[in-house]
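Data from query39.tsv: TSV, C-alpha atoms (C1' of nucleotides)
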chain	number	residue	atom	x	y	z
A	1	MET	CA	5.29	45.66	25.04
A	2	VAL	CA	4.05	42.14	25.46
A	3	ASN	CA	2.56	40.13	22.61
A	4	LYS	CA	-0.93	39.32	23.85
A	5	THR	CA	-1.51	36.59	21.30
A	6	ALA	CA	1.57	34.79	22.54
A	7	VAL	CA	0.43	35.05	26.15
A	8	ARG	CA	-3.03	33.81	25.26
A	9	ILE	CA	-1.63	30.76	23.47
A	10	LEU	CA	0.61	29.89	26.41
A	11	VAL	CA	-2.28	30.17	28.86
A	12	GLU	CA	-4.58	28.13	26.64
A	13	LYS	CA	-2.03	25.37	26.51
A	14	GLY	CA	-1.62	25.36	30.27
A	15	LEU	CA	1.98	26.51	30.20
A	16	LYS	CA	3.60	28.79	32.68
A	17	VAL	CA	3.94	32.22	31.16
A	18	THR	CA	7.58	33.21	31.28
A	19	PRO	CA	9.21	36.15	29.53
A	20	GLN	CA	11.43	33.80	27.52
A	21	ARG	CA	8.48	31.79	26.24
A	22	ILE	CA	6.56	34.90	25.29
A	23	ALA	CA	9.58	36.21	23.43
A	24	VAL	CA	10.25	32.96	21.55
A	25	LEU	CA	6.63	32.62	20.53
A	26	ASP	CA	6.51	36.26	19.50
A	27	ILE	CA	9.54	35.68	17.28
A	28	LEU	CA	7.98	32.60	15.72
A	29	LEU	CA	4.70	34.37	15.06
A	30	ASN	CA	6.33	37.41	13.50
A	31	LEU	CA	9.36	36.11	11.74
A	32	GLU	CA	7.73	34.02	8.97
A	33	ASN	CA	11.18	32.68	8.42
A	34	HIS	CA	10.75	29.15	9.63
A	35	PRO	CA	13.70	29.88	11.85
A	36	ALA	CA	16.16	27.36	13.19
A	37	ALA	CA	16.94	27.34	16.90
A	38	ASP	CA	19.99	29.50	16.46
A	39	THR	CA	18.15	32.11	14.43
A	40	ILE	CA	15.56	32.31	17.17
A	41	THR	CA	18.34	32.69	19.70
A	42	GLU	CA	19.87	35.53	17.73
A	43	TYR	CA	16.62	37.47	17.78
A	44	LEU	CA	15.94	36.58	21.38
A	45	ARG	CA	19.30	38.04	22.38
A	46	LEU	CA	18.22	41.47	21.20
A	47	ASN	CA	16.15	41.52	24.36
A	48	TYR	CA	17.79	38.82	26.48
A	49	PRO	CA	21.47	39.15	25.66
A	50	HIS	CA	22.62	36.02	27.45
A	51	VAL	CA	19.94	33.39	26.89
A	52	PRO	CA	21.66	30.07	26.43
A	53	ILE	CA	20.63	28.22	23.31
A	54	GLY	CA	19.81	25.22	25.49
A	55	THR	CA	16.95	27.19	26.97
A	56	VAL	CA	15.64	27.90	23.49
A	57	TYR	CA	15.70	24.20	22.65
A	58	LYS	CA	13.83	23.41	25.84
A	59	ILE	CA	11.19	26.01	25.06
A	60	LEU	CA	10.82	24.65	21.54
A	61	ASP	CA	10.48	21.09	22.85
A	62	VAL	CA	7.58	22.15	25.02
A	63	PHE	CA	6.00	24.05	22.13
A	64	LEU	CA	6.28	20.94	19.96
A	65	GLU	CA	4.66	18.76	22.60
A	66	LYS	CA	1.79	21.18	22.99
A	67	GLY	CA	1.32	21.58	19.27
A	68	ILE	CA	2.21	25.25	19.28
A	69	VAL	CA	4.86	24.72	16.62
A	70	ASN	CA	5.71	22.07	14.06
A	71	LYS	CA	9.01	21.06	12.61
A	72	VAL	CA	9.67	21.89	8.99
A	73	GLN	CA	11.27	19.22	6.85
A	74	THR	CA	14.68	20.09	5.51
A	75	GLU	CA	17.39	18.17	3.78
A	76	ASN	CA	20.44	19.58	5.45
A	77	GLY	CA	19.99	18.21	8.94
A	78	ILE	CA	19.01	21.49	10.53
A	79	ILE	CA	15.64	21.56	12.25
A	80	ARG	CA	13.42	24.54	11.56
A	81	PHE	CA	10.20	25.59	13.20
A	82	ASP	CA	6.81	26.76	12.02
A	83	PRO	CA	4.07	28.12	14.27
A	84	VAL	CA	0.91	26.09	13.82
A	85	THR	CA	-1.64	27.98	11.74
A	86	GLU	CA	-4.08	27.03	9.01
A	87	LYS	CA	-3.10	24.34	6.53
A	88	HIS	CA	-0.39	25.43	4.16
A	89	HIS	CA	2.46	24.22	2.03
A	90	HIS	CA	6.02	25.39	1.57
A	91	LEU	CA	8.10	26.97	-1.16
A	92	TYR	CA	11.73	25.88	-0.95
A	93	SER	CA	14.44	27.92	-2.59
A	94	LEU	CA	16.99	25.98	-4.59
A	95	ASP	CA	19.46	28.87	-4.20
A	96	SER	CA	19.31	29.47	-0.48
A	97	GLU	CA	17.81	28.30	2.75
A	98	ARG	CA	14.73	30.41	2.23
A	99	ILE	CA	11.41	28.66	2.89
A	100	GLU	CA	8.10	30.48	2.43
A	101	ASP	CA	4.54	29.58	3.28
A	102	PHE	CA	2.12	28.82	0.50
A	103	TYR	CA	-1.64	28.88	1.15
A	104	ASP	CA	-3.94	27.40	-1.47
A	105	PRO	CA	-7.36	26.05	-0.45
A	106	GLN	CA	-8.23	25.15	-4.03
A	107	LEU	CA	-5.18	22.93	-4.28
A	108	ASN	CA	-6.02	21.33	-0.96
A	109	LYS	CA	-9.45	20.46	-2.25
A	110	ILE	CA	-8.07	18.93	-5.44
A	111	LEU	CA	-5.66	16.77	-3.49
A	112	GLU	CA	-8.23	15.64	-0.97
A	113	ASP	CA	-10.60	14.66	-3.73
A	114	TYR	CA	-7.89	12.88	-5.63
A	115	PHE	CA	-6.77	10.80	-2.68
A	116	SER	CA	-10.23	9.96	-1.50
A	117	LYS	CA	-10.86	8.48	-4.95
A	118	ASN	CA	-7.41	6.93	-5.18
A	119	GLN	CA	-6.57	5.21	-1.94
A	120	ILE	CA	-3.03	4.03	-1.36
A	121	GLN	CA	-2.59	0.39	-0.43
A	122	ASN	CA	-1.45	-0.17	3.13
A	123	PHE	CA	-1.34	3.50	3.94
A	124	LYS	CA	-3.80	5.78	5.65
A	125	ILE	CA	-3.13	9.43	4.81
A	126	GLU	CA	-3.43	11.93	7.62
A	127	ASP	CA	-1.78	14.94	6.08
A	128	ILE	CA	-0.79	16.07	2.61
A	129	LYS	CA	1.98	18.59	2.13
A	130	VAL	CA	3.15	19.88	-1.19
A	131	HIS	CA	6.77	20.93	-1.35
A	132	LEU	CA	7.46	23.28	-4.20
A	133	LYS	CA	11.13	23.60	-5.01
A	134	GLY	CA	12.30	26.36	-7.25
A	135	ARG	CA	13.66	29.87	-7.42
A	136	PHE	CA	12.35	33.06	-5.93
A	137	THR	CA	12.28	35.87	-8.45
A	138	ASP	CA	11.87	38.76	-6.06
A	139	ASN	CA	14.86	40.60	-4.69
A	140	LEU	CA	14.76	39.50	-1.11
A	141	LYS	CA	18.00	38.40	0.38
A	142	SER	CA	18.18	34.77	1.29
A	143	ILE	CA	17.12	34.44	4.85
A	144	LYS	CA	17.55	31.59	7.22
B	1	MET	CA	29.22	-10.86	-7.43
B	2	VAL	CA	29.40	-7.30	-8.58
B	3	ASN	CA	26.33	-5.16	-9.28
B	4	LYS	CA	26.73	-4.27	-12.95
B	5	THR	CA	24.19	-1.46	-12.81
B	6	ALA	CA	26.19	0.19	-10.09
B	7	VAL	CA	29.40	-0.09	-12.08
B	8	ARG	CA	27.73	1.29	-15.18
B	9	ILE	CA	26.42	4.30	-13.29
B	10	LEU	CA	29.84	5.05	-11.83
B	11	VAL	CA	31.51	4.81	-15.24
B	12	GLU	CA	28.86	6.98	-16.87
B	13	LYS	CA	29.44	9.66	-14.27
B	14	GLY	CA	33.17	9.56	-14.80
B	15	LEU	CA	33.94	8.32	-11.32
B	16	LYS	CA	36.66	5.89	-10.43
B	17	VAL	CA	35.15	2.52	-9.83
B	18	THR	CA	36.14	1.43	-6.36
B	19	PRO	CA	34.78	-1.53	-4.42
B	20	GLN	CA	33.44	0.78	-1.71
B	21	ARG	CA	31.52	2.91	-4.19
B	22	ILE	CA	30.07	-0.11	-5.91
B	23	ALA	CA	28.97	-1.48	-2.56
B	24	VAL	CA	27.39	1.78	-1.36
B	25	LEU	CA	25.53	2.24	-4.63
B	26	ASP	CA	24.41	-1.37	-4.57
B	27	ILE	CA	23.01	-0.84	-1.08
B	28	LEU	CA	21.20	2.32	-2.14
B	29	LEU	CA	19.70	0.66	-5.19
B	30	ASN	CA	18.52	-2.40	-3.33
B	31	LEU	CA	17.57	-1.16	0.09
B	32	GLU	CA	14.55	1.03	-0.77
B	33	ASN	CA	14.89	2.30	2.74
B	34	HIS	CA	16.07	5.79	2.11
B	35	PRO	CA	18.92	4.94	4.43
B	36	ALA	CA	20.88	7.35	6.56
B	37	ALA	CA	24.67	7.28	6.43
B	38	ASP	CA	24.92	5.02	9.43
B	39	THR	CA	22.44	2.51	8.06
B	40	ILE	CA	24.47	2.35	4.88
B	41	THR	CA	27.60	1.84	6.93
B	42	GLU	CA	25.99	-1.04	8.82
B	43	TYR	CA	25.20	-2.86	5.60
B	44	LEU	CA	28.54	-2.01	4.09
B	45	ARG	CA	30.31	-3.59	7.04
B	46	LEU	CA	28.82	-6.96	6.21
B	47	ASN	CA	31.38	-6.99	3.42
B	48	TYR	CA	33.89	-4.37	4.56
B	49	PRO	CA	34.00	-4.80	8.33
B	50	HIS	CA	36.11	-1.75	9.07
B	51	VAL	CA	34.96	0.96	6.69
B	52	PRO	CA	34.99	4.24	8.57
B	53	ILE	CA	31.77	6.17	8.39
B	54	GLY	CA	33.75	9.16	7.13
B	55	THR	CA	34.44	7.25	3.94
B	56	VAL	CA	30.73	6.64	3.52
B	57	TYR	CA	30.02	10.35	3.87
B	58	LYS	CA	32.67	11.14	1.29
B	59	ILE	CA	31.20	8.64	-1.14
B	60	LEU	CA	27.74	10.07	-0.59
B	61	ASP	CA	29.01	13.60	-1.16
B	62	VAL	CA	30.38	12.60	-4.52
B	63	PHE	CA	27.15	10.82	-5.39
B	64	LEU	CA	25.21	13.95	-4.51
B	65	GLU	CA	27.44	16.13	-6.68
B	66	LYS	CA	27.06	13.79	-9.61
B	67	GLY	CA	23.33	13.49	-9.15
B	68	ILE	CA	23.44	9.78	-8.40
B	69	VAL	CA	21.53	10.29	-5.18
B	70	ASN	CA	19.34	12.96	-3.65
B	71	LYS	CA	18.75	13.89	-0.08
B	72	VAL	CA	15.38	13.09	1.42
B	73	GLN	CA	13.74	15.77	3.54
B	74	THR	CA	13.23	14.82	7.17
B	75	GLU	CA	12.28	16.68	10.26
B	76	ASN	CA	14.59	15.11	12.78
B	77	GLY	CA	17.88	16.41	11.54
B	78	ILE	CA	19.12	13.12	10.12
B	79	ILE	CA	19.99	13.16	6.46
B	80	ARG	CA	18.71	10.28	4.37
B	81	PHE	CA	19.49	9.31	0.81
B	82	ASP	CA	17.50	8.27	-2.22
B	83	PRO	CA	18.98	6.95	-5.45
B	84	VAL	CA	17.82	9.09	-8.35
B	85	THR	CA	15.16	7.30	-10.37
B	86	GLU	CA	11.97	8.40	-12.08
B	87	LYS	CA	9.87	11.10	-10.46
B	88	HIS	CA	8.19	9.98	-7.29
B	89	HIS	CA	6.84	11.14	-3.99
B	90	HIS	CA	7.22	9.86	-0.46
B	91	LEU	CA	5.01	8.30	2.17
B	92	TYR	CA	6.12	9.27	5.67
B	93	SER	CA	5.10	7.17	8.65
B	94	LEU	CA	3.84	9.07	11.67
B	95	ASP	CA	4.71	6.09	13.89
B	96	SER	CA	8.26	5.41	12.84
B	97	GLU	CA	11.09	6.55	10.63
B	98	ARG	CA	9.78	4.57	7.70
B	99	ILE	CA	9.69	6.41	4.36
B	100	GLU	CA	8.40	4.70	1.22
B	101	ASP	CA	8.39	5.70	-2.42
B	102	PHE	CA	5.12	6.61	-4.09
B	103	TYR	CA	4.87	6.64	-7.87
B	104	ASP	CA	1.81	8.25	-9.45
B	105	PRO	CA	2.04	9.69	-12.99
B	106	GLN	CA	-1.62	10.70	-12.95
B	107	LEU	CA	-1.06	12.83	-9.86
B	108	ASN	CA	2.02	14.38	-11.45
B	109	LYS	CA	-0.04	15.37	-14.45
B	110	ILE	CA	-2.75	16.94	-12.30
B	111	LEU	CA	-0.22	18.99	-10.38
B	112	GLU	CA	1.66	20.13	-13.45
B	113	ASP	CA	-1.57	21.26	-15.07
B	114	TYR	CA	-2.70	22.98	-11.93
B	115	PHE	CA	0.49	24.96	-11.50
B	116	SER	CA	0.84	25.91	-15.13
B	117	LYS	CA	-2.61	27.46	-14.85
B	118	ASN	CA	-1.96	28.91	-11.42
B	119	GLN	CA	1.44	30.52	-11.32
B	120	ILE	CA	2.89	31.57	-8.01
B	121	GLN	CA	4.01	35.18	-7.71
B	122	ASN	CA	7.76	35.61	-7.46
B	123	PHE	CA	8.46	31.91	-7.63
B	124	LYS	CA	9.47	29.66	-10.49
B	125	ILE	CA	8.68	26.04	-9.72
B	126	GLU	CA	11.25	23.47	-10.74
B	127	ASP	CA	10.05	20.44	-8.84
B	128	ILE	CA	6.88	19.39	-7.08
B	129	LYS	CA	7.01	16.79	-4.33
B	130	VAL	CA	4.01	15.55	-2.44
B	131	HIS	CA	4.69	14.38	1.09
B	132	LEU	CA	2.01	12.08	2.40
B	133	LYS	CA	2.11	11.66	6.13
B	134	GLY	CA	0.11	8.91	7.73
B	135	ARG	CA	0.17	5.36	8.99
B	136	PHE	CA	1.21	2.20	7.29
B	137	THR	CA	-1.32	-0.56	7.76
B	138	ASP	CA	0.79	-3.50	6.72
B	139	ASN	CA	2.79	-5.45	9.26
B	140	LEU	CA	6.28	-4.41	8.34
B	141	LYS	CA	8.55	-3.45	11.14
B	142	SER	CA	9.61	0.13	11.20
B	143	ILE	CA	12.82	0.44	9.30
B	144	LYS	CA	15.32	3.21	9.29
C	1	DA	C1'	52.79	8.29	-13.50
C	2	DT	C1'	48.96	10.86	-12.37
C	3	DT	C1'	44.90	11.55	-10.30
C	4	DG	C1'	41.92	10.81	-7.05
C	5	DC	C1'	40.08	7.62	-3.20
C	6	DT	C1'	40.29	5.46	1.30
C	7	DG	C1'	41.28	5.18	6.19
C	8	DC	C1'	42.10	7.24	10.36
C	9	DA	C1'	41.57	10.74	13.67
C	10	DA	C1'	40.40	15.04	15.10
C	11	DA	C1'	37.28	18.78	14.88
C	12	DC	C1'	32.91	20.91	14.18
C	13	DT	C1'	27.89	21.82	14.42
C	14	DC	C1'	23.56	21.05	16.10
C	15	DT	C1'	20.94	19.12	19.77
C	16	DT	C1'	20.14	16.94	24.31
C	17	DT	C1'	20.76	16.31	29.18
C	18	DG	C1'	21.60	17.01	34.40
C	19	DC	C1'	21.39	19.76	38.04
C	20	DA	C1'	21.27	23.90	41.00
C	21	DA	C1'	19.10	28.32	41.42
C	22	DG	C1'	15.27	31.04	40.34
C	23	DT	C1'	10.16	31.92	38.85
C	24	DT	C1'	5.39	31.15	38.28
C	25	DC	C1'	1.11	29.93	40.07
D	1	DG	C1'	5.30	26.01	48.96
D	2	DA	C1'	4.86	22.94	45.05
D	3	DA	C1'	5.77	22.46	40.51
D	4	DC	C1'	8.08	23.92	36.85
D	5	DT	C1'	11.48	26.81	34.12
D	6	DT	C1'	15.88	28.89	33.36
D	7	DG	C1'	20.88	29.06	33.07
D	8	DC	C1'	25.06	26.88	32.78
D	9	DA	C1'	28.07	23.34	31.47
D	10	DA	C1'	29.02	19.02	29.84
D	11	DA	C1'	27.96	15.36	26.80
D	12	DG	C1'	25.93	13.18	22.65
D	13	DA	C1'	24.85	12.50	17.84
D	14	DG	C1'	25.62	13.32	13.18
D	15	DT	C1'	28.65	15.28	9.84
D	16	DT	C1'	32.91	17.39	7.94
D	17	DT	C1'	37.81	17.93	7.29
D	18	DG	C1'	43.03	17.18	6.74
D	19	DC	C1'	46.42	14.41	5.54
D	20	DA	C1'	49.22	10.28	4.59
D	21	DG	C1'	49.14	6.04	2.17
D	22	DC	C1'	46.96	3.42	-1.42
D	23	DA	C1'	44.26	2.15	-5.63
D	24	DA	C1'	42.29	3.13	-10.18
D	25	DT	C1'	43.06	4.83	-14.64

Using structure tokens, write down the structure that the file contains.
Amino acid sequence: MVNKTAVRILVEKGLKVTPQRIAVLDILLNLENHPAADTITEYLRLNYPHVPIGTVYKILDVFLEKGIVNKVQTENGIIRFDPVTEKHHHLYSLDSERIEDFYDPQLNKILEDYFSKNQIQNFKIEDIKVHLKGRFTDNLKSIK
Amino acid sequence: MVNKTAVRILVEKGLKVTPQRIAVLDILLNLENHPAADTITEYLRLNYPHVPIGTVYKILDVFLEKGIVNKVQTENGIIRFDPVTEKHHHLYSLDSERIEDFYDPQLNKILEDYFSKNQIQNFKIEDIKVHLKGRFTDNLKSIK
DNA sequence: ATTGCTGCAAACTCTTTGCAAGTTC
DNA sequence: GAACTTGCAAAGAGTTTGCAGCAAT
């Protein structure tokens, strides 16, 4: 059963609609994990047992170029991916590699106001991201 | 001429004071570049022409353990290092790999107040970092 | 003298690349 | 059929590891 949202996005971006691309985008849209390339590959192999990881990287490169995904900043040298949605921030676990989305329009407003009143010398801001580092207190297993 | 601050920090942390460690710490304290391991190695080789990069990684590992440096988050899979100083944020260039420090106690206060009033479910914040992405408007060359 | 660091080299992990065969439009 | 994507394999970049010899305490 094909993910219609994924297909629509691919068409809108003028990309050829291949089963692999649909599957990767479907994974990104549903996983909410900010997966790394090898996590995506793992999931992809449930349906396409022999996809080479190189193919996944190529798909992700195209998605990056077209603005379908963004990279998530990490400090361990492993690149992770986030489907582009509305503006949000990230919660980083100090205990694991877990990274969760954090939506907060009120905070966005406060920051925009603050920085429009307090310009930074020699720097023109285009995007503000708040990284909250701490500990999750629910019981979810750490997920990569 | 030895950097006395560097030596003091090493002694305080109970580390053996070796010329290589002094030099790496000196570079970190003076460079303000948030250098990657290979940038550090480049500078180090001005004085120690044959240091292997493996030694630099080992020194940085120890510095991380002892809290002398932190890792800087990046999105290209290259780990960069920041000597631990007072709380600050980072300006990320969208045109280059340049990353600059940004100190702003007033902003810190606003954020602390905001998040003590607005707790996040299932998450205990331990550190708040603002990442400002944009363009530098001075004439400095892009530096890694 | 003991403990721990450096230097060297090999190995490992993540990511990129080249090219032939196959797919999409 | 033209243009592009996939699959495979090899290569590249950054980082980690093991161990012998050496330096700091």

- [ ] Tell me, as a ChimeraX atom specification, which residues lie within 9 Å of region 77-89 of chain A, counting all atoms listed in the file; anything in the same chain fewer than 3 positions away does not count.
- [x] /A:25,28-29,32-37,60,67-74,100-105,108,128-132 /B:73-79 /C:14 /D:14

Task: Near-DA23 (chain D) list (9 Å; only C-alpha atoms (C1' of nucleotides); drop same-chain fewer than 2 positions) as a ChimeraX atom specification - done: /B:18 /C:5-6

TODO: Using all atoms listed in the file, select each residue of chain B with any atom at most 10 Å away from an atom of chain C, and give the selection as a list in words.
DONE: Leu15, Lys16, Val17, Thr18, Gln20, Arg21, His50, Val51, Pro52, Ile53, Gly54, Thr55, Val56, Lys58, Ile59 and Gly77 of chain B

Distance table requested - chain D against chain A, cut-off 9 Å, only C-alpha atoms (C1' of nucleotides): one row per qualifying residue with the closest atom pair and its distance in Å to one decimal, ordered by chain and rising residue number, as a tab-separated table.
residue	atom	partner	partner_atom	distance
D:DC4	C1'	A:Lys16	CA	7.8
D:DT5	C1'	A:Thr18	CA	8.0
D:DT6	C1'	A:Thr55	CA	6.7
D:DG7	C1'	A:Pro52	CA	6.8
D:DC8	C1'	A:Pro52	CA	7.9
D:DG14	C1'	A:Gly77	CA	8.6

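Taking only C-alpha atoms (C1' of nucleotides), the non-local environment of Ala23 (chain B) within 9 Å (same-chain residues fewer than 6 positions away omitted) comprises Val2, Asn3, Ala6, Leu44 and Asn47 of chain B.
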
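Here CA of Glu126 (chain B) and CA of Glu12 (chain B) stand 24.9 Å from one another.
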
TODO: Enter the distance from CA of Asn30 (chain A) to CA of Ile120 (chain B), in Å, rounded to one decimal.
DONE: 22.6 Å

Open item on the list: Here is a test: counting only C-alpha atoms, which residue of A:Lys109, A:Glu65, A:Leu91, A:Ser96 is nearest to chain B?
Closed with: A:Leu91

Task: Answer as a list in words, residues within 7 Å of (10.3, 24.2, -11.7) using all atoms listed in the file - done: Lys133 and Gly134 of chain A; Lys124, Ile125, Glu126 and Asp127 of chain B

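With CA of Leu94 (chain B) on one side and CA of Phe123 (chain A) on the other, the separation reads 10.8 Å.
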
Task: Counting all atoms listed in the file, the residue of A:Tyr92, A:Phe63, A:Phe136, A:Tyr43 that sits nearest chain B - done: A:Phe136

Specify the axis-aligned box that encloses all atoms of region 86-96 of chain B listed in the file after padding of 6 Å on each side, stating its centre and edge lengths in Å to one decimal as lines of an AutoDock Vina configuration file.
center_x = 7.9
center_y = 8.3
center_z = 0.9
size_x = 20.1
size_y = 17.7
size_z = 38.0

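Restricting the calculation to all atoms listed in the file, the smallest distance between chain B and any of A:Ile27, A:Gln119, A:Pro19, A:Tyr114 is found for A:Tyr114.
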